[in-house]
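**Q** Sharing a structure below in structure tokens format, with a few things to ask.
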Amino acid sequence: MDAKDKISYVLKEIPPQVKLVAVSKTRPDSEILKFYNAGHKIFGENKVQEITSKYISLPKDIEWHFIGHLQRNKVKLIVPFVHLIHGVDSFRLLKEINNQAKKIDRIINCLLQFHIATEESKFGLDMEEARIMIESDEFKSLNHIRIKGVMGMATFTQEERIIREEFKNLKSILNELKKSCINLDDDFREISMGMSADYKIAIEEGSTIVRIGSAIFGARLVY
């Protein structure tokens, strides 16, 4: 199956209103170009050095999503070109994104990452700290970020019941914040959840962005 067939196969299972981010981490430029030439231009990376290198060498109309844990000291490297930062997991990180974006007069789209899984290793906000952050005067002063919605990663498990409940929880978080926080506008509607193993469940539970790697590219390459 060539690149065009692989993308078409996955897209047939995704409603048109759901955005497909092809997770290209560890993949060489030549492989990404096959999917780009097949018509797909939305890719996700989880390491700053890798996404920066690929941005430099690949076509400039690619829509790059940063989907990994982002360190504050590396924010300045991606703000010139990133389309959406999925994993904003602290107020300190959000403020740094705003500071770096202000320097180059850009507005950076961001998602708030919530800890919805049972695994302690995963990053993310909880509901109370998110609410306090959003309702603060300091949050209102951040003019170079746009909060587009929420992001979360489900527990790594074969139990569909657990995965589905965690995705339901993320959707309820978005709905509750949208209803109760006056500092969020109509742009706050995206739900980034679902990867290769669970994206069908995520879509059923309201995902608007799915992050799919191995189902498109095959098994992950080892660094």
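By order of appearance in the structure tokens: chains A, B, ..., then residues from 1 within every chain, and ligands from 1 in the order shown.
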Apply DSSP to the structure's backbone, then extract all residues of segment 47-192 of chain A labelled alpha helix (DSSP H) and return them as an NGL selection string.

**A** :A and (48-57 or 75-78 or 91-103 or 127-134 or 137-140 or 160-180)

**Q** Using only C-alpha atoms, which residues sit within 7 Å of Glu45 of chain A once same-chain residues fewer than 5 positions away are excluded, as a tab-separated table (two decimals) with N, CA and C atoms, in the first residue's frame?

**A**
```tsv
chain	number	residue	atom	x	y	z
A	23	VAL	N	1.43	11.58	12.70
A	23	VAL	CA	2.56	11.69	13.64
A	23	VAL	C	3.80	11.12	12.98
A	24	SER	N	4.71	12.02	12.64
A	24	SER	CA	5.87	11.65	11.82
A	24	SER	C	7.16	11.54	12.61
A	25	LYS	N	7.07	11.47	13.94
A	25	LYS	CA	8.28	11.38	14.76
A	25	LYS	C	9.10	10.16	14.37
A	51	ILE	N	11.38	18.53	15.12
A	51	ILE	CA	10.41	19.33	14.38
A	51	ILE	C	11.07	20.55	13.75
A	65	HIS	N	2.31	20.45	14.02
A	65	HIS	CA	1.74	20.38	15.35
A	65	HIS	C	2.79	19.83	16.30
A	66	PHE	N	2.97	20.50	17.45
A	66	PHE	CA	3.87	19.95	18.45
A	66	PHE	C	3.05	19.21	19.48
A	67	ILE	N	3.29	17.90	19.61
A	67	ILE	CA	2.41	17.04	20.40
A	67	ILE	C	3.08	16.47	21.65
A	68	GLY	N	4.35	16.82	21.88
A	68	GLY	CA	5.06	16.25	23.02
A	68	GLY	C	5.11	17.19	24.21
```

**Q** Smallest atom-to-atom distance to Lys74 of chain A: which of A:Asn169, A:Asn143, A:Ser207, A:Gln100, using only C-alpha atoms?

**A**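 Among A:Asn169, A:Asn143, A:Ser207, A:Gln100, it is A:Gln100 that comes nearest to Lys74 of chain A.
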
**Q** Fewer than 6 positions away in the same chain doesn't count, so skip those; otherwise give me all residues within 10 Å of segment 79-81 of chain A, counting only C-alpha atoms, as a PDB file with N, CA and C atoms, in the first residue's frame.

**A**
```pdb
ATOM      1  N   ILE A  51      11.384  18.527  15.119  1.00  0.00           N
ATOM      2  CA  ILE A  51      10.408  19.326  14.381  1.00  0.00           C
ATOM      3  C   ILE A  51      11.072  20.551  13.751  1.00  0.00           C
ATOM      4  N   THR A  52      12.057  21.123  14.441  1.00  0.00           N
ATOM      5  CA  THR A  52      12.762  22.290  13.905  1.00  0.00           C
ATOM      6  C   THR A  52      13.561  21.914  12.669  1.00  0.00           C
ATOM      7  N   TYR A  55      11.135  21.278   9.804  1.00  0.00           N
ATOM      8  CA  TYR A  55      10.567  22.525   9.288  1.00  0.00           C
ATOM      9  C   TYR A  55      11.535  23.185   8.311  1.00  0.00           C
ATOM     10  N   ILE A  56      12.812  23.188   8.654  1.00  0.00           N
ATOM     11  CA  ILE A  56      13.822  23.827   7.807  1.00  0.00           C
ATOM     12  C   ILE A  56      13.941  23.130   6.452  1.00  0.00           C
ATOM     13  N   LYS A  60       7.284  24.568   3.106  1.00  0.00           N
ATOM     14  CA  LYS A  60       6.851  25.525   4.117  1.00  0.00           C
ATOM     15  C   LYS A  60       5.342  25.612   4.271  1.00  0.00           C
ATOM     16  N   ILE A  62       3.583  23.016   5.063  1.00  0.00           N
ATOM     17  CA  ILE A  62       3.202  21.969   6.017  1.00  0.00           C
ATOM     18  C   ILE A  62       2.687  22.621   7.292  1.00  0.00           C
ATOM     19  N   GLU A  63       1.613  22.071   7.836  1.00  0.00           N
ATOM     20  CA  GLU A  63       1.044  22.538   9.105  1.00  0.00           C
ATOM     21  C   GLU A  63       1.627  21.669  10.217  1.00  0.00           C
ATOM     22  N   TRP A  64       2.523  22.262  11.010  1.00  0.00           N
ATOM     23  CA  TRP A  64       3.227  21.496  12.037  1.00  0.00           C
ATOM     24  C   TRP A  64       2.521  21.611  13.390  1.00  0.00           C
ATOM     25  N   HIS A  65       2.314  20.453  14.015  1.00  0.00           N
ATOM     26  CA  HIS A  65       1.739  20.383  15.354  1.00  0.00           C
ATOM     27  C   HIS A  65       2.791  19.832  16.303  1.00  0.00           C
ATOM     28  N   ILE A  97       5.238  30.749  26.227  1.00  0.00           N
ATOM     29  CA  ILE A  97       4.807  30.741  24.828  1.00  0.00           C
ATOM     30  C   ILE A  97       4.349  32.146  24.425  1.00  0.00           C
ATOM     31  N   ASN A  98       3.567  32.784  25.289  1.00  0.00           N
ATOM     32  CA  ASN A  98       3.100  34.141  25.006  1.00  0.00           C
ATOM     33  C   ASN A  98       4.275  35.118  24.891  1.00  0.00           C
ATOM     34  N   GLN A 100       7.443  34.544  24.082  1.00  0.00           N
ATOM     35  CA  GLN A 100       8.237  34.329  22.871  1.00  0.00           C
ATOM     36  C   GLN A 100       7.459  34.722  21.611  1.00  0.00           C
ATOM     37  N   ALA A 101       6.168  34.487  21.614  1.00  0.00           N
ATOM     38  CA  ALA A 101       5.335  34.862  20.466  1.00  0.00           C
ATOM     39  C   ALA A 101       5.257  36.378  20.331  1.00  0.00           C
ATOM     40  N   LYS A 102       5.211  37.060  21.467  1.00  0.00           N
ATOM     41  CA  LYS A 102       5.151  38.529  21.457  1.00  0.00           C
ATOM     42  C   LYS A 102       6.383  39.122  20.778  1.00  0.00           C
ATOM     43  N   LYS A 103       7.531  38.507  20.966  1.00  0.00           N
ATOM     44  CA  LYS A 103       8.783  39.013  20.391  1.00  0.00           C
ATOM     45  C   LYS A 103       8.761  39.028  18.873  1.00  0.00           C
ATOM     46  N   ILE A 104       7.999  38.108  18.269  1.00  0.00           N
ATOM     47  CA  ILE A 104       7.947  38.043  16.808  1.00  0.00           C
ATOM     48  C   ILE A 104       6.558  38.370  16.274  1.00  0.00           C
ATOM     49  N   ASP A 105       5.716  38.895  17.140  1.00  0.00           N
ATOM     50  CA  ASP A 105       4.373  39.343  16.778  1.00  0.00           C
ATOM     51  C   ASP A 105       3.545  38.236  16.125  1.00  0.00           C
ATOM     52  N   ARG A 106       3.553  37.080  16.765  1.00  0.00           N
ATOM     53  CA  ARG A 106       2.695  35.977  16.334  1.00  0.00           C
ATOM     54  C   ARG A 106       1.691  35.659  17.435  1.00  0.00           C
ATOM     55  N   ILE A 107       0.576  35.054  17.048  1.00  0.00           N
ATOM     56  CA  ILE A 107      -0.366  34.492  18.006  1.00  0.00           C
ATOM     57  C   ILE A 107      -0.317  32.980  17.847  1.00  0.00           C
ATOM     58  N   ILE A 108      -0.012  32.276  18.926  1.00  0.00           N
ATOM     59  CA  ILE A 108       0.197  30.832  18.870  1.00  0.00           C
ATOM     60  C   ILE A 108      -1.040  30.098  19.379  1.00  0.00           C
ATOM     61  N   ASN A 109      -1.531  29.191  18.567  1.00  0.00           N
ATOM     62  CA  ASN A 109      -2.658  28.347  18.959  1.00  0.00           C
ATOM     63  C   ASN A 109      -2.179  27.285  19.948  1.00  0.00           C
TER      64      ASN A 109
END
```

**Q** Enumerate, as a PyMOL selection string, the complete set of residues in segment 20-197 of chain A that a backbone-based DSSP assignment places in strand (DSSP E).

**A** chain A and resi 20-23+42-45+63-66+84-88+108-114+145-152+190-192

**Q** Got a sec: who's within 10 Å of Leu177 of chain A, counting only C-alpha atoms, leaving out chain neighbours fewer than 6 positions off, as a PyMOL selection string?

**A** chain A and resi 127+130-131+134+149-150+183-184+188

**Q** Determine the nearest neighbour of Ser90 of chain A from the options A:Glu120, A:Glu160, A:Glu135, A:Asp126, counting only C-alpha atoms.

**A**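 Closest residue, counting only C-alpha atoms: A:Asp126.
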
**Q** Would you please work out which residue, of A:Ile116, A:Leu142, A:Ile212, A:Lys178, is nearest to Glu166 of chain A when using only C-alpha atoms?

**A**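 Among the listed residues, A:Ile116 lies closest to Glu166 of chain A.
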
**Q** Out of A:Asn175, A:Asn37, A:Ser214, A:Thr208, which residue has the shortest atom-to-atom distance to Ile14 of chain A when counting only C-alpha atoms?

**A**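 Among A:Asn175, A:Asn37, A:Ser214, A:Thr208, it is A:Thr208 that comes nearest to Ile14 of chain A.
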
**Q** May I ask which of the residues A:Asp89, A:Glu204, A:Glu50, A:Asp198 is the closest one to Gln158 of chain A, counting only C-alpha atoms?

**A**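 Nearest candidate to Gln158 of chain A out of A:Asp89, A:Glu204, A:Glu50, A:Asp198: A:Asp198.
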
**Q** Give me the residues within 12 Å of Phe35 of chain A as a ChimeraX atom specification, counting only C-alpha atoms and dropping any in the same chain fewer than 3 places off.

**A** /A:2-8,21-24,27-32,38-43,58,62,216-217

**Q** With distances taken over only C-alpha atoms, which residue among A:Asp186, A:Glu205, A:Glu129, A:Glu159 lies nearest Gln113 of chain A?

**A**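 Under the stated criterion, the closest residue is A:Glu129.
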
**Q** Leaving out Asn73 of chain A and any residue of its chain fewer than 4 positions from it, which residues lie within 12 Å of it when counting only C-alpha atoms, given as a compact mmCIF listing (two decimals) with N, CA and C atoms, in the first residue's frame?

**A**
```
# COMPACT_ATOMS: atom_id res chain seq x y z
N VAL A 48 11.55 18.86 20.01
CA VAL A 48 11.81 20.19 19.45
C VAL A 48 12.90 20.14 18.38
N LEU A 77 12.26 28.12 19.99
CA LEU A 77 12.69 27.45 18.76
C LEU A 77 11.53 27.10 17.83
N ILE A 78 10.34 26.92 18.39
CA ILE A 78 9.22 26.48 17.55
C ILE A 78 8.16 27.56 17.30
N VAL A 79 8.16 28.64 18.11
CA VAL A 79 7.09 29.64 17.92
C VAL A 79 7.11 30.32 16.55
N ARG A 92 3.06 28.38 33.68
CA ARG A 92 4.41 28.87 33.38
C ARG A 92 4.76 28.65 31.92
N LEU A 93 4.39 27.49 31.40
CA LEU A 93 4.66 27.21 29.98
C LEU A 93 3.83 28.12 29.09
N GLU A 96 5.34 31.52 28.91
CA GLU A 96 6.56 31.55 28.11
C GLU A 96 6.23 31.53 26.61
N ILE A 97 5.24 30.75 26.23
CA ILE A 97 4.81 30.74 24.83
C ILE A 97 4.35 32.15 24.43
N ASN A 99 5.24 35.02 25.80
CA ASN A 99 6.40 35.92 25.77
C ASN A 99 7.20 35.79 24.49
N GLN A 100 7.44 34.54 24.08
CA GLN A 100 8.24 34.33 22.87
C GLN A 100 7.46 34.72 21.61
```

**Q** Between atom CA of Ile209 of chain A and atom CA of Phe123 of chain A, what is the distance in Å, rounded to a tenth?

**A** 18.7 Å

**Q** Please indicate the distance in Å from atom CA of Val82 of chain A to atom CA of Lys95 of chain A, rounded to one decimal place.

**A**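 Answer for the atom CA of Val82 of chain A to atom CA of Lys95 of chain A separation: 16.3 Å.
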
**Q** State, in Å with one decimal place, the distance from atom CA of Pro59 of chain A to atom CA of Thr26 of chain A.

**A**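 These two atoms are separated by 17.8 Å.
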